[in-house]
Structure formats: structure tokens, C-alpha cells
Number of protein chains: 6
Amino acid sequence: MVSADPRIKSVFDDIRSTRNSDFVNNFWRALANQPALLERTWSSVKEVMIAPGKHDPLTKELIYIAVSTANACSYCVQSHTAAARAKGLSDQQHAEFLAIIGMAAETNALATALQIPIDPEFEVG
Amino acid sequence: MVSADPRIKSVFDDIRSTRNSDFVNNFWRALANQPALLERTWSSVKEVMIAPGKHDPLTKELIYIAVSTANACSYCVQSHTAAARAKGLSDQQHAEFLAIIGMAAETNALATALQIPIDPEFEVG
Amino acid sequence: MVSADPRIKSVFDDIRSTRNSDFVNNFWRALANQPALLERTWSSVKEVMIAPGKHDPLTKELIYIAVSTANACSYCVQSHTAAARAKGLSDQQHAEFLAIIGMAAETNALATALQIPIDPEFEVG
Amino acid sequence: MVSADPRIKSVFDDIRSTRNSDFVNNFWRALANQPALLERTWSSVKEVMIAPGKHDPLTKELIYIAVSTANACSYCVQSHTAAARAKGLSDQQHAEFLAIIGMAAETNALATALQIPIDPEFEVG
Amino acid sequence: MVSADPRIKSVFDDIRSTRNSDFVNNFWRALANQPALLERTWSSVKEVMIAPGKHDPLTKELIYIAVSTANACSYCVQSHTAAARAKGLSDQQHAEFLAIIGMAAETNALATALQIPIDPEFEVG
Amino acid sequence: MVSADPRIKSVFDDIRSTRNSDFVNNFWRALANQPALLERTWSSVKEVMIAPGKHDPLTKELIYIAVSTANACSYCVQSHTAAARAKGLSDQQHAEFLAIIGMAAETNALATALQIPIDPEFEVG
């Protein structure tokens, strides 16, 4: 039986104590069949999204949602929009965020369709 | 001749004065064959990316780059990474940004491959 | 009436006999409105996915699911994960597969965001 | 100076000894500005792609390339096609791989455009 | 209360009179929380998709659906396929459209996987 | 030696006579290592893109470019934009096409980020 793997209980316990909540969402439950992947993924999420860093928690969520939208990941968009709301995302901030990702997608299409060469001023290195 | 359209000069002049720089990058030059599109796109960019809003200018750039990376738009990634640098993006902030978009892409793949159902707690409405 | 086209019955019969099963899944039923496309698509699927080749049937399914995940095709991910299971995909193999596609998506994002130039050692030709 | 971070030398040394080669490709060099990300990414790549597992090394490369193609990551496609060649990918195996990813992309488009509902037979859980 | 914003009523009224129908679909209702974005998006849609131009209305819908399929946007695919049907898309035209987007997706995968260099004959400029 | 496969000469001859031109572009040359794939792909392209059908040749090209842009396939965008120009695409038609794909990409992002439920009026079946 899968749930017998002690890594599952250990990760779930850490999720609960880190978030200070009994709720463990489906993403982590779905990974319970893959204990090594569950452990590594949670460890990365803790380090990247939860540990204090150079970007505030709400900004991290918006960056995450931007990628998830472009990748059309319904679960990711919904779960992290809920997380962003919980971290204080206001209606106006959400509206501006939507305008930015819409404009990015639009100009991505234009730049790709026109195969615009990069300006020497912008080149790396 | 395309450049005869007065909308082109008008938009280019506005780009220069808004940015306080003589430099007009290739994206806008490439749109000069499409004056109506040039005008509408610049007007949107000004409103969404440049006008003061609820997100600071650097955050807007990071959201924009996140979308552009997922859409594999080389021009957009390079030009807006340069813009983010000009707005003060530090090496450490860039490193954390990269970690976030990498993790988002990874967990997008996991959630999609597992077709994880959304938790009722996260559903909109 | 659509089902009157003899190509539909012919393809459905071939699907049933090739798979040795009466079940015809929704993908093929949805193409019944497009007999020419149905015929060409089934013919390609038979040649590429079913005929013996240089990759074993399970590997073919995993490659197929990898693409479908990146393209966010829910139907394709679900139907071919079921097919891979039927071909013997174990929990451990699935877990490792998920780790690979997650890592690929993550490093894709990093390489694109950093616009890493290709090493001369890797260039084709 | 970035290269002074001891984690960089440590990871580069490990890359060289793991691969038994002096060559460190641009992907890792590009991450040298992000030592924490470099360390975590290399550690994951070693665990997922290099450590012995349930899929053979060539199959892992093909799964990786399948994702990278769908994500349009030029660097990833080129570097891992070179890696697959080094692991013995033959012309015929490559040809069949291309046929599979082409067919996957094609049927992804059809299934998404037709919004085909999943068959109850394929549903998870 | 959001619906008090006069821009919402104004846009909804314009949608109704432009389309000569009382029906306002969910896309516009979902944007009602973002009146500025609602206004700008509707204004663009009117200009790009509805105003007479160089492409006929059905062709515009097909181009729109092609992009939406590649971006895996379920809502967009369904709503605009309905719109295309309303504009006269026949079964045969739909079948040929599906064949084109399937083939485009397939050859996109081949060209990207092979990193085919562009022929000088096709280069812009 | 690869080029000894008679299918290659046969397909190249057919490309030349079908197009009434000596020029064979890199896409087909790159597939010469995969004669079966070359043959099947050319046969599909002839049937889907070249044979007379329900959409005119220029519309087919635009649909093809729309998909290729969303999939970020540089080779495909460039080669088929050249083909569209050869079939008479005017600057104004190109400008309107760009506006449509830009708007599609933008509204795709909005609909996905908001996870807008499909209106019953639009549902298939």
C-alpha cells in the first residue's frame, strides 16, 4: 500500500506545519504515488516559493501564475490564484496583472510572427 | 512609401519622449508597416506597462518575461530582461526569478500529466 | 447522414480488428465527421504507433505523452496514460517519467529565459 | 566576483567527474551566476537523468527531447539530441522518434480543436 | 459593488447592439471585475474581428481558432468554433481546417526537433 | 549512403514538378534522412495544403502561420510567410492577420487565467 511509505507522512506533516493548516491540496496527494518526486518537489517549493527571498510572496505567486497561464495549466492557475488572493491580491491588482499577461501574449505573437531580430543594445554578453 | 504615414512619426516621437531616449527598438520599427497596429499596440503598452499602477515597474517586467519565456519568444525575453536590468533587477533577484519560472514549468507538467482535479477549496465562484 | 460514408465503417472495423477489441474511443468517433481526415490519421497512427519499429510500444507511448503534456492536451494525456498502463507501465516507471518531463520543462524555461547560446560541440552539421 | 563562490567549482568538478570529461557545456556556465539554482538543478539532473532507474538512458533522452520540442527550446533540443546520439540513437530510431512526436502534435491539435470528451474507460480514479 | 461601474453597462450595451442580440457570453461577464480591461479588450475585438477589413469574417474566426488550439484555450476554441458555425462554416470546411492545423502542428514539431536552418530564399529583409 | 534511397529522388522530383520550380527548401532536405517520414509528410502536405479544397490557398497559409506562431516555430513562420507573400498576401492583409493572432493570444491568456466556464450556448453536442 502506497501510504505506507514513511516519506509521504513526513512530507504531508511538513506541508501542514509549514502552512499552519490541516489542509493538504490535491497536487501533493496526487504525488503520493511517487514518494521520491513528492519529497524533491516539496523541498524545491519550500525553498523557492516559501522561504524568504528577494521577491515578496505575492510577486512570486504572480510570476508563477503567468507561467501557468501560458502553459494552460488549469490546476496551477486556479490553485495559485487562490493562493495569491490569500496573500492579499486585490481586484485592481488582479486586473492589472491580467492586462500585463494579455499584452505579453499579444506582443509575443507579433514578435514571433515578424521574426524581429534582436537589437544589439539588448543582447546578452 | 510606408514611412509617409503620419501615425508612424507620431508614435515614434511619443516613444522617444515617453522613454526620454532617442532609441526606438526593432519591435516598433517592425510594426511600422502596420500603422494601425503600431498605434494600438503602443497605446496599450503605455497604459499597461508604463503608466503608474498597482504593480511596480520591475514586477511588471518580471511578469512579462515569465509569459514570454513560456511562449519561447526570444526577442521578448531578451528585450524585457534588458529592461528589467535597467530598472534595477539584481543578480540575486534574477536568480530567484529563474527558480520560480523553472519550478512553475515543472509543476505545470506534473499537474497536467496527472490531470489533477481542482480542490473545491480553490474553485472560483 | 454522416455514418453513411463507407470509409467510417471501414476504419472503425480496422480499429477493432487491429486492437482486438470492440471498443472505439471518442477520438475516432469525433473524427467521423471528417472521413478523409479519419482515414489518413488512422493510417498514420497504425504505421507510427502500432506497427513494430525501432522503439518498443511503451516507449512510444511515453514519448507521445511527453509531447501531449507540454501541449496541455487533456484528452491525449489521459487516453495515452491509460494505453501506457495497459502496456505495463509500472508506478515506479510512471514516477520516473514524471520526474523527467518535469525536469525537462524546468530546464527548458531556464535555457529560454537565459537565451543560452548553443555550444559548437552540439551543433548539427 | 561570481566565480569565487565555492559551489560553482564544486558543481563543475562533479559534472566533469560524473561525465568523465573536461567539457562543461554552456547551460551550466550560464547558471554560474545563480549558485543555489546551479546546485539544485545539477543535483536534480544527476538524480533524474543520470542515476540508474527504470528507463534506459536513451529513452530518458527521447522523453526529454519530446518535451523540449513542444516547448520550442532550441538549446535543449540541440544539446539533448547530441546526447542521444552519443548514447547510440541510430538514424532509424531518430526517424521513428520524429514520426511519433509529429503525430502526437498533430493529434493534440485535433483533440483540442474538437474538445473531445474523455472516455469513461480512460478516466483516472 | 463592481457592477456599479458605468463602463460595464456601456460595454455590455455595445456588445448587444453590435451583435444585435441580448446574449452576452461569459468571457465579457468575467471581465466585468476589470472595467478598464473590459473596455480596452472589447474595443480591440470590435476593431479587429468585427469591423470590415481585408479578411472575411469566417477567415478571421479560423485564424483565431488556430491560435487558440495551439494555446490549448478550451473556452476560446469552443466559443469561436460556435461563432464560425454561425458564420457558415460547413462540415467540409471544418474538416479541412482541422487537417491544416494538424499538419501545421506536426511539421512545427519536425522543424523544431531538427532545428532546420532557414533557407536564404525565405529570409526577411 | 542515405541519398541512395529511391524514395528521396522520387519525392524531390514530385516537389519540383508540383511546384514547377527547381528549388527544394531545407525542410524537405532535412527529412531526407527519414525516407518513410519524408514520403508520408510530403503526401499529406500535397493533399492538405496544395490540392484544391474548401479554403483558398492564401487562407490555408494564414491558418498554418497562425499555428506556427503560437508554437514558436521560426522556420515554419518564415517559410510560410514567404509562401503567403508569393500567393499575394498584401501589407494590409498581413497587418490585419497580425492583429488577429495578437488578439487571439491576448484573449487566450485572459480566458485561461480567469478559467472562464463555457457558456451552455457554445457547448458541442
# chains A, B, ... in the order shown; residues from 1 in each chain; ligands from 1
>>> interface_residues(of="chain C", to="chain F", cutoff="10 Å", atoms="only C-alpha atoms", output="ChimeraX atom specification")
/C:37,40,44,48,71
>>> residues_around(residues="Pro120 (chain A)", least_positions_apart="2", cutoff="12 Å", atoms="only C-alpha atoms", output="list in words")
Pro117, Ile118, Phe122, Glu123, Val124 and Gly125 of chain A; Phe23, Asn25, Asn26, Tyr75, Gln78, Ser79 and Ala82 of chain B
>>> write_last_selection(atoms="N, CA and C atoms", output="mmCIF file, in the first residue's frame")
data_model
loop_
_atom_site.group_PDB
_atom_site.id
_atom_site.type_symbol
_atom_site.label_atom_id
_atom_site.label_comp_id
_atom_site.auth_asym_id
_atom_site.auth_seq_id
_atom_site.Cartn_x
_atom_site.Cartn_y
_atom_site.Cartn_z
ATOM 1 N N PRO A 117 14.514 40.715 -35.433
ATOM 2 C CA PRO A 117 15.881 40.472 -34.939
ATOM 3 C C PRO A 117 16.140 41.294 -33.677
ATOM 4 N N ILE A 118 16.905 40.706 -32.774
ATOM 5 C CA ILE A 118 17.172 41.400 -31.518
ATOM 6 C C ILE A 118 18.083 42.616 -31.764
ATOM 7 N N PHE A 122 20.302 45.084 -26.783
ATOM 8 C CA PHE A 122 19.671 44.192 -25.798
ATOM 9 C C PHE A 122 20.406 42.870 -25.634
ATOM 10 N N GLU A 123 21.341 42.605 -26.526
ATOM 11 C CA GLU A 123 21.989 41.297 -26.487
ATOM 12 C C GLU A 123 22.756 41.076 -25.195
ATOM 13 N N VAL A 124 22.692 39.862 -24.741
ATOM 14 C CA VAL A 124 23.424 39.464 -23.546
ATOM 15 C C VAL A 124 24.899 39.331 -23.904
ATOM 16 N N GLY A 125 25.737 39.577 -22.921
ATOM 17 C CA GLY A 125 27.181 39.347 -23.103
ATOM 18 C C GLY A 125 27.827 40.276 -24.064
ATOM 19 N N PHE B 23 16.449 56.271 -28.711
ATOM 20 C CA PHE B 23 16.450 54.889 -29.185
ATOM 21 C C PHE B 23 15.029 54.330 -29.379
ATOM 22 N N ASN B 25 13.475 50.758 -30.446
ATOM 23 C CA ASN B 25 13.949 49.386 -30.698
ATOM 24 C C ASN B 25 13.187 48.699 -31.832
ATOM 25 N N ASN B 26 13.784 47.613 -32.319
ATOM 26 C CA ASN B 26 13.298 46.933 -33.525
ATOM 27 C C ASN B 26 11.832 46.534 -33.479
ATOM 28 N N TYR B 75 12.924 37.293 -28.795
ATOM 29 C CA TYR B 75 13.026 38.753 -28.808
ATOM 30 C C TYR B 75 12.474 39.354 -27.510
ATOM 31 N N GLN B 78 14.697 38.675 -24.382
ATOM 32 C CA GLN B 78 15.931 39.465 -24.364
ATOM 33 C C GLN B 78 15.663 40.948 -24.135
ATOM 34 N N SER B 79 14.661 41.485 -24.841
ATOM 35 C CA SER B 79 14.426 42.927 -24.712
ATOM 36 C C SER B 79 13.894 43.276 -23.322
ATOM 37 N N ALA B 82 16.598 42.985 -20.589
ATOM 38 C CA ALA B 82 17.384 44.227 -20.610
ATOM 39 C C ALA B 82 16.627 45.346 -19.887
#
>>> residues_around(residues="Asn108 (chain D)", least_positions_apart="2", cutoff="9 Å", atoms="only C-alpha atoms", output="ChimeraX atom specification")
/C:67-68,71-76 /D:103-106,110-113 /E:69-70,102,105
>>> residues_around(residues="Asp5 (chain A)", least_positions_apart="6", cutoff="10 Å", atoms="only C-alpha atoms", output="PDB file with all heavy atoms, in the first residue's frame")
ATOM      1  N   ALA A  32       1.587  11.348  -4.132  1.00  0.00           N
ATOM      2  CA  ALA A  32       1.873  10.356  -3.090  1.00  0.00           C
ATOM      3  C   ALA A  32       2.275   8.998  -3.661  1.00  0.00           C
ATOM      4  O   ALA A  32       2.935   8.202  -2.993  1.00  0.00           O
ATOM      5  CB  ALA A  32       0.679  10.209  -2.155  1.00  0.00           C
ATOM      6  N   ASN A  33       1.910   8.751  -4.923  1.00  0.00           N
ATOM      7  CA  ASN A  33       2.375   7.510  -5.563  1.00  0.00           C
ATOM      8  C   ASN A  33       3.846   7.578  -5.966  1.00  0.00           C
ATOM      9  O   ASN A  33       4.405   6.585  -6.414  1.00  0.00           O
ATOM     10  CB  ASN A  33       1.543   7.212  -6.825  1.00  0.00           C
ATOM     11  CG  ASN A  33       0.197   6.596  -6.493  1.00  0.00           C
ATOM     12  OD1 ASN A  33       0.111   5.722  -5.642  1.00  0.00           O
ATOM     13  ND2 ASN A  33      -0.845   7.069  -7.157  1.00  0.00           N
ATOM     14  N   GLN A  34       4.415   8.757  -5.883  1.00  0.00           N
ATOM     15  CA  GLN A  34       5.812   8.951  -6.295  1.00  0.00           C
ATOM     16  C   GLN A  34       6.593   9.593  -5.154  1.00  0.00           C
ATOM     17  O   GLN A  34       6.950  10.775  -5.218  1.00  0.00           O
ATOM     18  CB  GLN A  34       5.886   9.863  -7.537  1.00  0.00           C
ATOM     19  CG  GLN A  34       5.219   9.312  -8.789  1.00  0.00           C
ATOM     20  CD  GLN A  34       3.760   9.670  -8.932  1.00  0.00           C
ATOM     21  OE1 GLN A  34       3.223  10.492  -8.190  1.00  0.00           O
ATOM     22  NE2 GLN A  34       3.087   9.059  -9.891  1.00  0.00           N
ATOM     23  N   PRO A  35       6.867   8.856  -4.071  1.00  0.00           N
ATOM     24  CA  PRO A  35       7.450   9.465  -2.871  1.00  0.00           C
ATOM     25  C   PRO A  35       8.746  10.249  -3.115  1.00  0.00           C
ATOM     26  O   PRO A  35       8.925  11.325  -2.540  1.00  0.00           O
ATOM     27  CB  PRO A  35       7.693   8.258  -1.954  1.00  0.00           C
ATOM     28  CG  PRO A  35       6.733   7.221  -2.411  1.00  0.00           C
ATOM     29  CD  PRO A  35       6.584   7.425  -3.887  1.00  0.00           C
TER      30      PRO A  35
END
>>> atom_distance(atom1="CA of Ala66 (chain E)", atom2="CA of Ile101 (chain E)")
6.5 Å
>>> residues_around(residues="region 57-63 of chain A", least_positions_apart="2", cutoff="6 Å", atoms="only C-alpha atoms", output="list in words")
Ile65, Ala66 and Ala84 of chain A; Ile63 of chain B
>>> write_last_selection(atoms="all heavy atoms", output="CSV table (one decimal), in the first residue's frame")
chain,number,residue,atom,x,y,z
A,65,ILE,N,1.8,32.3,-11.7
A,65,ILE,CA,0.5,32.2,-12.5
A,65,ILE,C,0.7,32.6,-13.9
A,65,ILE,O,0.1,32.1,-14.8
A,65,ILE,CB,-0.6,33.1,-11.8
A,65,ILE,CG1,-0.9,32.7,-10.4
A,65,ILE,CG2,-1.9,33.1,-12.6
A,65,ILE,CD1,-1.7,33.7,-9.6
A,66,ALA,N,1.6,33.6,-14.1
A,66,ALA,CA,1.9,34.0,-15.5
A,66,ALA,C,2.4,32.8,-16.3
A,66,ALA,O,2.0,32.6,-17.5
A,66,ALA,CB,3.0,35.1,-15.5
A,84,ALA,N,-2.8,33.5,-4.3
A,84,ALA,CA,-2.5,35.0,-4.4
A,84,ALA,C,-3.6,35.8,-3.7
A,84,ALA,O,-3.3,36.8,-3.0
A,84,ALA,CB,-2.4,35.4,-5.9
B,63,ILE,N,6.7,39.7,-14.7
B,63,ILE,CA,5.5,39.0,-15.2
B,63,ILE,C,5.6,38.9,-16.7
B,63,ILE,O,5.3,37.8,-17.3
B,63,ILE,CB,4.2,39.8,-14.7
B,63,ILE,CG1,4.1,39.7,-13.2
B,63,ILE,CG2,3.0,39.2,-15.4
B,63,ILE,CD1,3.1,40.7,-12.6
>>> atom_distance(atom1="CA of Glu121 (chain F)", atom2="CA of Phe97 (chain F)")
27.8 Å
>>> select_by_dssp(residues="chain E", states="helix (DSSP H, G or I)", output="VMD selection string")
chain E and resid 2 to 4 6 to 19 26 to 33 35 to 50 57 to 70 74 to 86 91 to 114 120 to 122
